[in-house]
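Novice: My file is start.cif. It has mmCIF, C-alpha atoms:
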```
data_run
#
loop_
_atom_site.label_atom_id
_atom_site.label_comp_id
_atom_site.auth_asym_id
_atom_site.auth_seq_id
_atom_site.Cartn_x
_atom_site.Cartn_y
_atom_site.Cartn_z
CA MET A 1 3.91 16.13 -31.62
CA LEU A 2 5.38 15.00 -28.31
CA VAL A 3 9.06 14.91 -27.45
CA VAL A 4 10.73 13.91 -24.19
CA ARG A 5 13.82 16.05 -23.65
CA ALA A 6 16.35 17.19 -21.09
CA ILE A 7 14.95 19.93 -18.88
CA LYS A 8 16.15 23.52 -19.35
CA ALA A 9 16.41 26.43 -16.94
CA ASP A 10 13.46 28.22 -18.54
CA ASP A 11 11.18 25.24 -17.83
CA LEU A 12 11.01 26.17 -14.14
CA ASP A 13 7.68 28.04 -14.19
CA ALA A 14 5.93 25.29 -16.15
CA LEU A 15 7.43 22.68 -13.82
CA TYR A 16 6.08 24.51 -10.78
CA VAL A 17 2.59 24.54 -12.31
CA MET A 18 2.94 20.82 -13.02
CA ALA A 19 4.08 20.06 -9.45
CA SER A 20 1.07 21.96 -8.09
CA GLN A 21 -1.22 19.30 -9.57
CA VAL A 22 0.56 16.24 -8.18
CA GLY A 23 -0.92 16.08 -4.69
CA SER A 24 0.59 14.43 -1.59
CA GLY A 25 2.71 11.31 -1.55
CA MET A 26 5.33 12.25 -4.18
CA THR A 27 8.14 13.80 -2.16
CA THR A 28 10.37 14.45 -5.19
CA LEU A 29 7.89 16.75 -6.92
CA LYS A 30 6.55 19.39 -4.55
CA PRO A 31 5.27 22.88 -5.54
CA ASP A 32 8.06 24.72 -3.74
CA MET A 33 9.71 27.27 -6.04
CA LYS A 34 13.08 27.30 -4.27
CA MET A 35 13.26 23.53 -4.14
CA MET A 36 12.19 23.28 -7.78
CA GLY A 37 14.69 25.96 -8.78
CA ASP A 38 17.54 24.20 -7.01
CA ARG A 39 16.59 20.91 -8.58
CA VAL A 40 16.38 22.32 -12.09
CA ALA A 41 19.81 23.90 -11.62
CA ILE A 42 21.23 20.53 -10.60
CA ALA A 43 19.53 18.85 -13.56
CA VAL A 44 20.98 21.37 -16.01
CA ALA A 45 24.43 20.82 -14.48
CA SER A 46 23.88 17.07 -14.70
CA PHE A 47 23.29 17.12 -18.45
CA ALA A 48 26.26 19.48 -18.82
CA GLU A 49 28.41 17.02 -16.81
CA THR A 50 29.70 19.75 -14.52
CA ILE A 51 28.96 17.78 -11.31
CA ALA A 52 29.94 14.27 -10.22
CA PRO A 53 27.76 11.40 -11.58
CA GLU A 54 26.57 10.32 -8.13
CA LYS A 55 25.25 13.85 -7.45
CA ARG A 56 23.37 14.16 -10.71
CA ASP A 57 19.61 14.41 -11.07
CA TYR A 58 18.54 14.01 -14.69
CA MET A 59 15.11 15.58 -15.17
CA PHE A 60 13.14 15.17 -18.38
CA VAL A 61 10.03 16.95 -19.58
CA MET A 62 7.50 15.85 -22.15
CA GLU A 63 6.74 18.80 -24.41
CA ASP A 64 3.81 19.18 -26.76
CA THR A 65 5.60 20.93 -29.62
CA ASP A 66 2.32 22.01 -31.23
CA THR A 67 1.40 24.15 -28.23
CA GLY A 68 4.67 24.48 -26.31
CA ARG A 69 2.89 23.01 -23.29
CA MET A 70 4.59 20.79 -20.70
CA ALA A 71 2.72 17.49 -20.72
CA GLY A 72 4.73 15.50 -18.22
CA VAL A 73 7.91 15.12 -16.21
CA CYS A 74 10.17 12.30 -15.00
CA ALA A 75 13.66 11.94 -13.58
CA ILE A 76 16.62 9.73 -12.71
CA LYS A 77 18.75 10.41 -9.62
CA GLY A 78 22.34 9.20 -10.01
CA ALA A 79 22.53 7.85 -6.45
CA VAL A 80 20.40 8.26 -3.31
CA GLY A 81 21.36 8.55 0.32
CA LEU A 82 24.95 9.73 -0.10
CA GLU A 83 24.36 13.23 1.29
CA GLU A 84 21.20 12.68 3.34
CA PRO A 85 19.74 9.52 4.92
CA PHE A 86 17.65 7.23 2.72
CA TYR A 87 15.27 5.05 4.73
CA ASN A 88 12.96 2.18 3.89
CA TYR A 89 11.29 -0.63 5.74
CA ARG A 90 12.50 -4.09 4.85
CA ILE A 91 9.84 -6.73 5.30
CA GLY A 92 11.27 -9.65 7.24
CA THR A 93 10.24 -12.64 9.29
CA LEU A 94 10.83 -13.65 12.90
CA VAL A 95 10.11 -17.19 14.06
CA HIS A 96 9.10 -18.00 17.64
CA SER A 97 8.88 -21.60 18.76
CA SER A 98 8.53 -23.65 21.90
CA ARG A 99 9.11 -27.39 21.69
CA GLU A 100 7.70 -27.81 25.18
CA LEU A 101 4.40 -26.13 24.26
CA ASP A 102 4.48 -27.38 20.67
CA VAL A 103 4.02 -23.81 19.41
CA PHE A 104 5.57 -22.46 16.23
CA THR A 105 4.77 -18.97 14.96
CA ARG A 106 6.08 -17.03 11.99
CA MET A 107 5.69 -13.27 12.39
CA GLU A 108 6.10 -10.69 9.62
CA THR A 109 8.18 -7.71 10.68
CA LEU A 110 9.31 -4.30 9.44
CA TYR A 111 12.98 -3.34 9.83
CA LEU A 112 14.12 0.28 9.46
CA SER A 113 16.80 0.02 6.78
CA ASN A 114 19.38 1.98 4.79
CA ASP A 115 20.04 -1.00 2.51
CA LEU A 116 19.26 0.86 -0.72
CA THR A 117 21.68 3.73 -0.09
CA GLY A 118 23.74 4.48 -3.19
CA SER A 119 21.25 3.09 -5.69
CA THR A 120 20.20 4.93 -8.84
CA GLU A 121 16.55 6.00 -8.52
CA LEU A 122 13.76 6.50 -11.03
CA CYS A 123 11.46 9.19 -9.66
CA SER A 124 9.14 12.17 -10.23
CA LEU A 125 7.00 10.56 -12.93
CA PHE A 126 3.89 12.64 -13.56
CA LEU A 127 1.77 12.92 -16.69
CA HIS A 128 -0.75 15.76 -16.98
CA PRO A 129 -4.34 14.40 -16.97
CA ASP A 130 -4.99 15.96 -20.39
CA TYR A 131 -2.34 13.67 -21.89
CA ARG A 132 -3.25 10.41 -20.20
CA LYS A 133 -4.19 8.60 -23.37
CA GLY A 134 -2.69 6.42 -26.06
CA ASN A 135 0.98 5.62 -25.58
CA ASN A 136 1.88 8.88 -23.85
CA GLY A 137 2.41 7.31 -20.43
CA LYS A 138 4.64 4.61 -21.90
CA LEU A 139 6.65 7.18 -23.83
CA LEU A 140 7.29 9.26 -20.72
CA SER A 141 8.12 6.39 -18.37
CA LYS A 142 10.21 4.29 -20.74
CA SER A 143 12.27 7.23 -22.01
CA ARG A 144 14.38 6.87 -18.87
CA PHE A 145 15.32 3.31 -19.69
CA LEU A 146 16.51 4.31 -23.14
CA PHE A 147 18.61 7.06 -21.56
CA ILE A 148 20.16 4.54 -19.15
CA ALA A 149 20.84 2.14 -22.02
CA GLN A 150 22.66 4.90 -23.91
CA PHE A 151 24.70 6.04 -20.90
CA PRO A 152 24.95 3.03 -18.53
CA HIS A 153 28.34 4.14 -17.20
CA LEU A 154 26.67 7.07 -15.42
CA PHE A 155 24.60 4.86 -13.12
CA THR A 156 25.03 2.30 -10.38
CA GLU A 157 24.30 -1.37 -10.94
CA LYS A 158 21.17 -1.28 -8.75
CA LEU A 159 18.15 0.70 -9.95
CA ILE A 160 15.19 1.44 -7.67
CA ALA A 161 11.83 3.19 -7.90
CA GLU A 162 9.74 4.17 -4.87
CA MET A 163 6.08 3.77 -5.71
CA ARG A 164 3.47 6.08 -4.20
CA GLY A 165 1.64 4.17 -1.49
CA PHE A 166 -2.08 3.56 -1.17
CA GLN A 167 -4.29 6.41 0.00
CA GLU A 168 -8.01 6.56 0.45
CA GLU A 169 -10.11 8.92 -1.68
CA ASP A 170 -9.87 11.67 0.95
CA GLY A 171 -6.06 11.41 1.00
CA ARG A 172 -5.86 9.42 4.24
CA SER A 173 -2.95 6.96 4.42
CA PRO A 174 -4.02 3.88 6.44
CA PHE A 175 -0.41 2.82 7.01
CA TYR A 176 0.70 6.22 8.28
CA GLU A 177 -2.33 6.55 10.53
CA GLY A 178 -1.72 3.07 11.91
CA LEU A 179 1.99 3.52 12.55
CA GLY A 180 3.75 6.78 11.71
CA ARG A 181 1.35 9.13 13.46
CA HIS A 182 2.12 7.47 16.80
CA PHE A 183 5.76 8.53 16.50
CA PHE A 184 5.65 11.78 14.51
CA LYS A 185 2.53 13.37 16.04
CA MET A 186 1.77 15.32 12.86
CA ASP A 187 -0.34 14.97 9.72
CA PHE A 188 0.87 12.86 6.80
CA ASP A 189 1.10 15.86 4.48
CA HIS A 190 3.35 17.70 6.94
CA VAL A 191 5.73 14.76 7.22
CA ASP A 192 5.65 14.40 3.45
CA ASP A 193 6.61 18.08 3.01
CA LEU A 194 9.50 17.83 5.49
CA THR A 195 10.87 14.79 3.69
CA ALA A 196 10.62 16.56 0.33
CA LEU A 197 12.69 19.44 1.72
CA GLY A 198 15.43 17.06 2.82
CA LYS A 199 14.67 17.35 6.53
CA LYS A 200 15.00 13.66 7.33
CA SER A 201 16.93 13.60 10.61
CA PHE A 202 13.64 13.34 12.50
CA ILE A 203 13.14 9.87 11.02
CA ALA A 204 16.14 8.43 12.84
CA GLU A 205 15.35 10.48 15.93
CA LEU A 206 11.73 9.39 16.28
CA MET A 207 11.32 5.98 14.62
CA PRO A 208 12.05 2.82 16.64
CA ARG A 209 15.14 0.88 15.57
CA GLN A 210 13.87 -2.52 16.70
CA PRO A 211 11.73 -4.68 14.36
CA LEU A 212 8.03 -3.82 14.29
CA TYR A 213 5.53 -6.68 14.26
CA VAL A 214 3.09 -6.21 11.38
CA ALA A 215 0.38 -8.13 13.27
CA TYR A 216 0.27 -5.34 15.86
CA LEU A 217 -0.83 -2.78 13.25
CA PRO A 218 -4.51 -2.06 12.52
CA ALA A 219 -5.98 -4.33 9.86
CA ASP A 220 -6.32 -1.55 7.27
CA ALA A 221 -2.64 -0.62 7.74
CA GLN A 222 -1.55 -4.23 7.27
CA GLU A 223 -3.58 -4.59 4.08
CA VAL A 224 -1.87 -1.71 2.25
CA ILE A 225 1.76 -2.71 2.86
CA GLY A 226 3.32 -2.93 -0.60
CA LYS A 227 0.16 -1.61 -2.27
CA VAL A 228 0.33 1.36 -4.66
CA HIS A 229 -1.86 4.43 -4.99
CA VAL A 230 -4.68 3.87 -7.49
CA SER A 231 -3.21 6.42 -9.91
CA THR A 232 0.22 4.80 -9.61
CA ALA A 233 -0.83 1.30 -10.65
CA PRO A 234 -0.23 1.91 -14.40
CA ALA A 235 3.25 3.27 -13.67
CA ARG A 236 4.10 0.17 -11.65
CA ARG A 237 3.06 -2.12 -14.51
CA LEU A 238 5.24 -0.20 -16.94
CA LEU A 239 8.27 -0.51 -14.68
CA GLU A 240 7.67 -4.22 -14.20
CA GLN A 241 7.53 -4.68 -17.97
CA GLU A 242 11.03 -3.22 -18.17
CA GLY A 243 12.45 -5.69 -15.66
CA MET A 244 11.84 -4.13 -12.25
CA HIS A 245 10.30 -6.11 -9.40
CA PHE A 246 9.33 -5.93 -5.74
CA GLU A 247 11.84 -7.41 -3.28
CA GLY A 248 10.25 -6.60 0.06
CA TYR A 249 11.19 -2.96 0.67
CA VAL A 250 8.49 -0.35 1.31
CA ASP A 251 8.29 3.37 2.06
CA ILE A 252 8.34 4.17 5.78
CA PHE A 253 5.42 6.60 5.60
CA ASP A 254 2.82 5.12 3.25
CA ALA A 255 4.25 1.58 2.75
CA GLY A 256 4.36 1.97 -1.03
CA PRO A 257 6.53 -0.73 -2.68
CA VAL A 258 10.09 -0.09 -3.80
CA LEU A 259 10.78 -1.79 -7.13
CA GLN A 260 14.33 -2.89 -7.95
CA ALA A 261 16.38 -4.15 -10.88
CA ARG A 262 19.94 -4.62 -12.00
CA VAL A 263 20.74 -2.13 -14.74
CA SER A 264 22.44 -4.87 -16.74
CA GLU A 265 19.20 -6.90 -16.77
CA LEU A 266 16.85 -4.17 -18.01
CA ARG A 267 14.95 -4.80 -21.25
CA ALA A 268 16.41 -1.63 -22.71
CA MET A 269 19.94 -2.92 -22.13
CA ARG A 270 19.06 -6.17 -23.87
CA ASP A 271 16.79 -5.08 -26.72
CA SER A 272 17.72 -1.49 -27.63
CA THR A 273 19.91 -1.06 -30.71
CA LEU A 274 21.82 1.69 -32.46
CA ALA A 275 20.82 2.70 -35.99
CA THR A 276 21.88 5.28 -38.54
CA ILE A 277 19.39 7.77 -39.96
CA GLY A 278 19.08 7.00 -43.66
CA ALA A 279 18.96 9.39 -46.58
CA HIS A 280 15.70 10.93 -47.85
CA ASP A 281 15.27 8.21 -50.48
CA ASP A 282 15.22 5.71 -47.61
CA TRP A 283 12.37 7.76 -46.12
CA ASP A 284 10.52 7.68 -49.44
CA ASP A 285 10.88 3.90 -49.57
CA ALA A 286 9.62 3.66 -45.99
CA CYS A 287 6.60 5.79 -46.82
CA SER A 288 5.67 3.48 -49.68
CA ALA A 289 5.85 0.42 -47.46
CA ASP A 290 2.90 -0.91 -45.49
CA THR A 291 3.31 0.29 -41.89
CA SER A 292 -0.17 -0.58 -40.69
CA ASN A 293 1.22 -3.38 -38.53
CA ALA A 294 4.42 -1.61 -37.52
CA GLU A 295 5.18 -1.63 -33.82
CA PRO A 296 5.68 1.77 -32.14
CA LEU A 297 9.35 2.46 -31.60
CA LEU A 298 11.13 4.61 -29.03
CA VAL A 299 13.84 6.59 -30.80
CA SER A 300 16.37 8.86 -29.10
CA ASN A 301 19.42 10.81 -30.08
CA THR A 302 22.72 9.91 -28.44
CA VAL A 303 23.65 13.36 -27.11
CA LEU A 304 23.82 13.63 -23.32
CA SER A 305 23.69 17.43 -23.17
CA ASP A 306 20.56 17.62 -25.35
CA PHE A 307 18.94 14.22 -24.97
CA ARG A 308 15.65 13.97 -26.88
CA MET A 309 13.32 11.04 -27.54
CA ILE A 310 10.17 10.47 -29.60
CA LEU A 311 7.76 7.72 -30.54
CA SER A 312 7.97 6.68 -34.19
CA GLN A 313 6.62 4.10 -36.63
CA ALA A 314 10.09 3.74 -38.15
CA ASN A 315 11.32 0.20 -38.68
CA PRO A 316 15.13 -0.10 -38.66
CA VAL A 317 16.47 -2.52 -41.25
CA GLY A 318 20.11 -3.51 -41.46
CA GLY A 319 21.14 -0.82 -39.00
CA ILE A 320 19.42 1.93 -41.02
CA THR A 321 16.27 3.74 -39.91
CA ALA A 322 14.16 6.17 -41.93
CA LEU A 323 12.92 9.18 -39.97
CA SER A 324 10.80 11.95 -41.43
CA GLU A 325 12.15 15.47 -41.52
CA ALA A 326 9.80 16.42 -38.69
CA GLU A 327 11.06 13.53 -36.54
CA GLN A 328 14.66 14.47 -37.23
CA GLN A 329 13.94 18.02 -36.17
CA LEU A 330 12.39 16.84 -32.92
CA LEU A 331 15.52 14.79 -32.20
CA ARG A 332 17.79 17.54 -33.52
CA CYS A 333 19.40 14.98 -35.78
CA GLN A 334 20.13 14.69 -39.48
CA THR A 335 20.95 12.07 -42.08
CA GLY A 336 23.93 10.00 -41.04
CA ASP A 337 23.49 10.59 -37.29
CA THR A 338 23.20 7.69 -34.88
CA VAL A 339 20.03 7.08 -32.86
CA ARG A 340 19.08 4.46 -30.29
CA THR A 341 15.84 2.52 -30.75
CA LEU A 342 13.71 0.25 -28.60
CA PRO A 343 10.30 -1.32 -29.29
CA LEU A 344 7.74 0.44 -27.10
CA ASN A 345 6.09 -2.82 -26.12
CA LEU A 346 7.47 -6.17 -25.09
CA ARG A 347 7.62 -8.68 -27.89
CA LYS A 348 4.93 -11.30 -27.55
CA ASN A 349 7.33 -14.04 -28.55
CA PRO A 350 10.76 -12.74 -27.56
CA HIS A 351 12.55 -15.99 -28.41
CA VAL A 352 11.12 -16.34 -31.91
#
```
Since I need it in another form, could you write the structure as structure tokens?
Specialist:
Amino acid sequence: MLVVRAIKADDLDALYVMASQVGSGMTTLKPDMKMMGDRVAIAVASFAETIAPEKRDYMFVMEDTDTGRMAGVCAIKGAVGLEEPFYNYRIGTLVHSSRELDVFTRMETLYLSNDLTGSTELCSLFLHPDYRKGNNGKLLSKSRFLFIAQFPHLFTEKLIAEMRGFQEEDGRSPFYEGLGRHFFKMDFDHVDDLTALGKKSFIAELMPRQPLYVAYLPADAQEVIGKVHVSTAPARRLLEQEGMHFEGYVDIFDAGPVLQARVSELRAMRDSTLATIGAHDDWDDACSADTSNAEPLLVSNTVLSDFRMILSQANPVGGITALSEAEQQLLRCQTGDTVRTLPLNLRKNPHV
């Protein structure tokens, strides 16, 4: 069975192996043992609440309990840009007109921006290829929303997610080749590695502060602005289902879109509910009922220090939910404990 849980210190080696398979373009998950070790230490301290909320980095792993294998990873950063610069391009518009010549032009531009500084960030989502099937991707991605719904006071009102930008099959980034290389004079992977290590001062030192006209970029660079990597498209759809949307901010290196949402407007904040785990006779009654049409349900415990979440066919009724003994063990819960639940999928007729 699969469980999404708070990361532990002894997950470091498995996390490093996982990061080694990610490839370029995901700056928050690089196969650097020191960086990974530091991050895991911060994550452990985050769940233990021994550091300030804005400095926290909640990392979660998906564990296959049958094999003990790490199947995926995801994370939530409490706030970005408070200790190191956080840059994006904001897509804007400049209008040029001449009444005398009867000319009116509207030009799309890119502005170097720190507008999203201080936002809570969803990041580091990666599911091992062996587990990319069924509802596993949804379970991993949406677990973060259930965590936020349980502990909304730990996060800022604005939530963002930087999506991996488009790359060609050979790893070439058309946007970086059309723009960034002219200023940084190095390969995309090198810039990506420097950013992952927190060495971001070169961005302000080398990038122009004035608006950049999109029309001056090569055609292939223009076409990928706001476009995601092929393997990232499913992740974008999942985030959009939960209430996130694109508002015109893109990554400065690969032009991947930055999705945004207000925490208070997330589906998990609106539709998740608390329920009490019923007694064993409630489980027996649930087993005898027809669950063939039951909707998959995200179920989590309510313990910050040992947060755990599973996918279940349980159907809460009257504030009571029946979980099997195995499910309770995965959540480290027992009869009478409180859990938070959320339908895995959006309701087809939410107003009915």
Novice: Considering all atoms listed in the file, return as number ranges by chain whatever protein or nucleic-acid residues lie within 8 Å of Pro31 of chain A, sequence-local ones (same chain, fewer than 5 positions apart) excluded.
Specialist: A: 16-17, 19-20, 36
Novice: Between atom CA of Leu2 of chain A and atom CA of Ala326 of chain A, what is the spacing in Å?
Specialist: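 About the pair atom CA of Ala326 of chain A and atom CA of Leu2 of chain A: they are 11.4 Å apart.
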Novice: Record the distance separating atom CA of Gln222 of chain A and atom CA of Ile252 of chain A, expressed in Å with one decimal.
Specialist: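 According to the coordinates, atom CA of Gln222 of chain A and atom CA of Ile252 of chain A are separated by 13.1 Å.
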Novice: Do you know which residues the PyMOL selection byres ((chain A and resi 302) around 7) returns on this file, as a PyMOL selection string?
Specialist: chain A and resi 150+300-301+303-304+307+338-340
Novice: Smallest atom-to-atom distance to Asp306 of chain A: which of A:Asp13, A:Met59, A:Lys30, A:Glu100, using all atoms listed in the file?
Specialist: A:Met59
Novice: Report, in Å to a single decimal, how far apart atom CA of Thr109 of chain A and atom CA of Arg90 of chain A are.
Specialist: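 Between atom CA of Arg90 of chain A and atom CA of Thr109 of chain A the gap is 8.1 Å.
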Novice: Applying the PyMOL selection byres ((chain A and resi 223-232) around 6) to the file I just gave you, which residues come out? Please list them as a PyMOL selection string.
Specialist: chain A and resi 164-167+220-222+233-235+255-257
Novice: Name the residues in contact with Asn88 of chain A at a cut-off of 10 Å, using all atoms listed in the file, excluding same-chain residues fewer than 5 positions from it; report them as a PyMOL selection string.
Specialist: chain A and resi 110-117+162+248-253+255-258
Novice: Would you mind listing what lies within 6 Å of Leu297 of chain A as a ChimeraX atom specification, with all atoms listed in the file counted and same-chain residues fewer than 2 positions away left out?
Specialist: /A:311-313,342-344
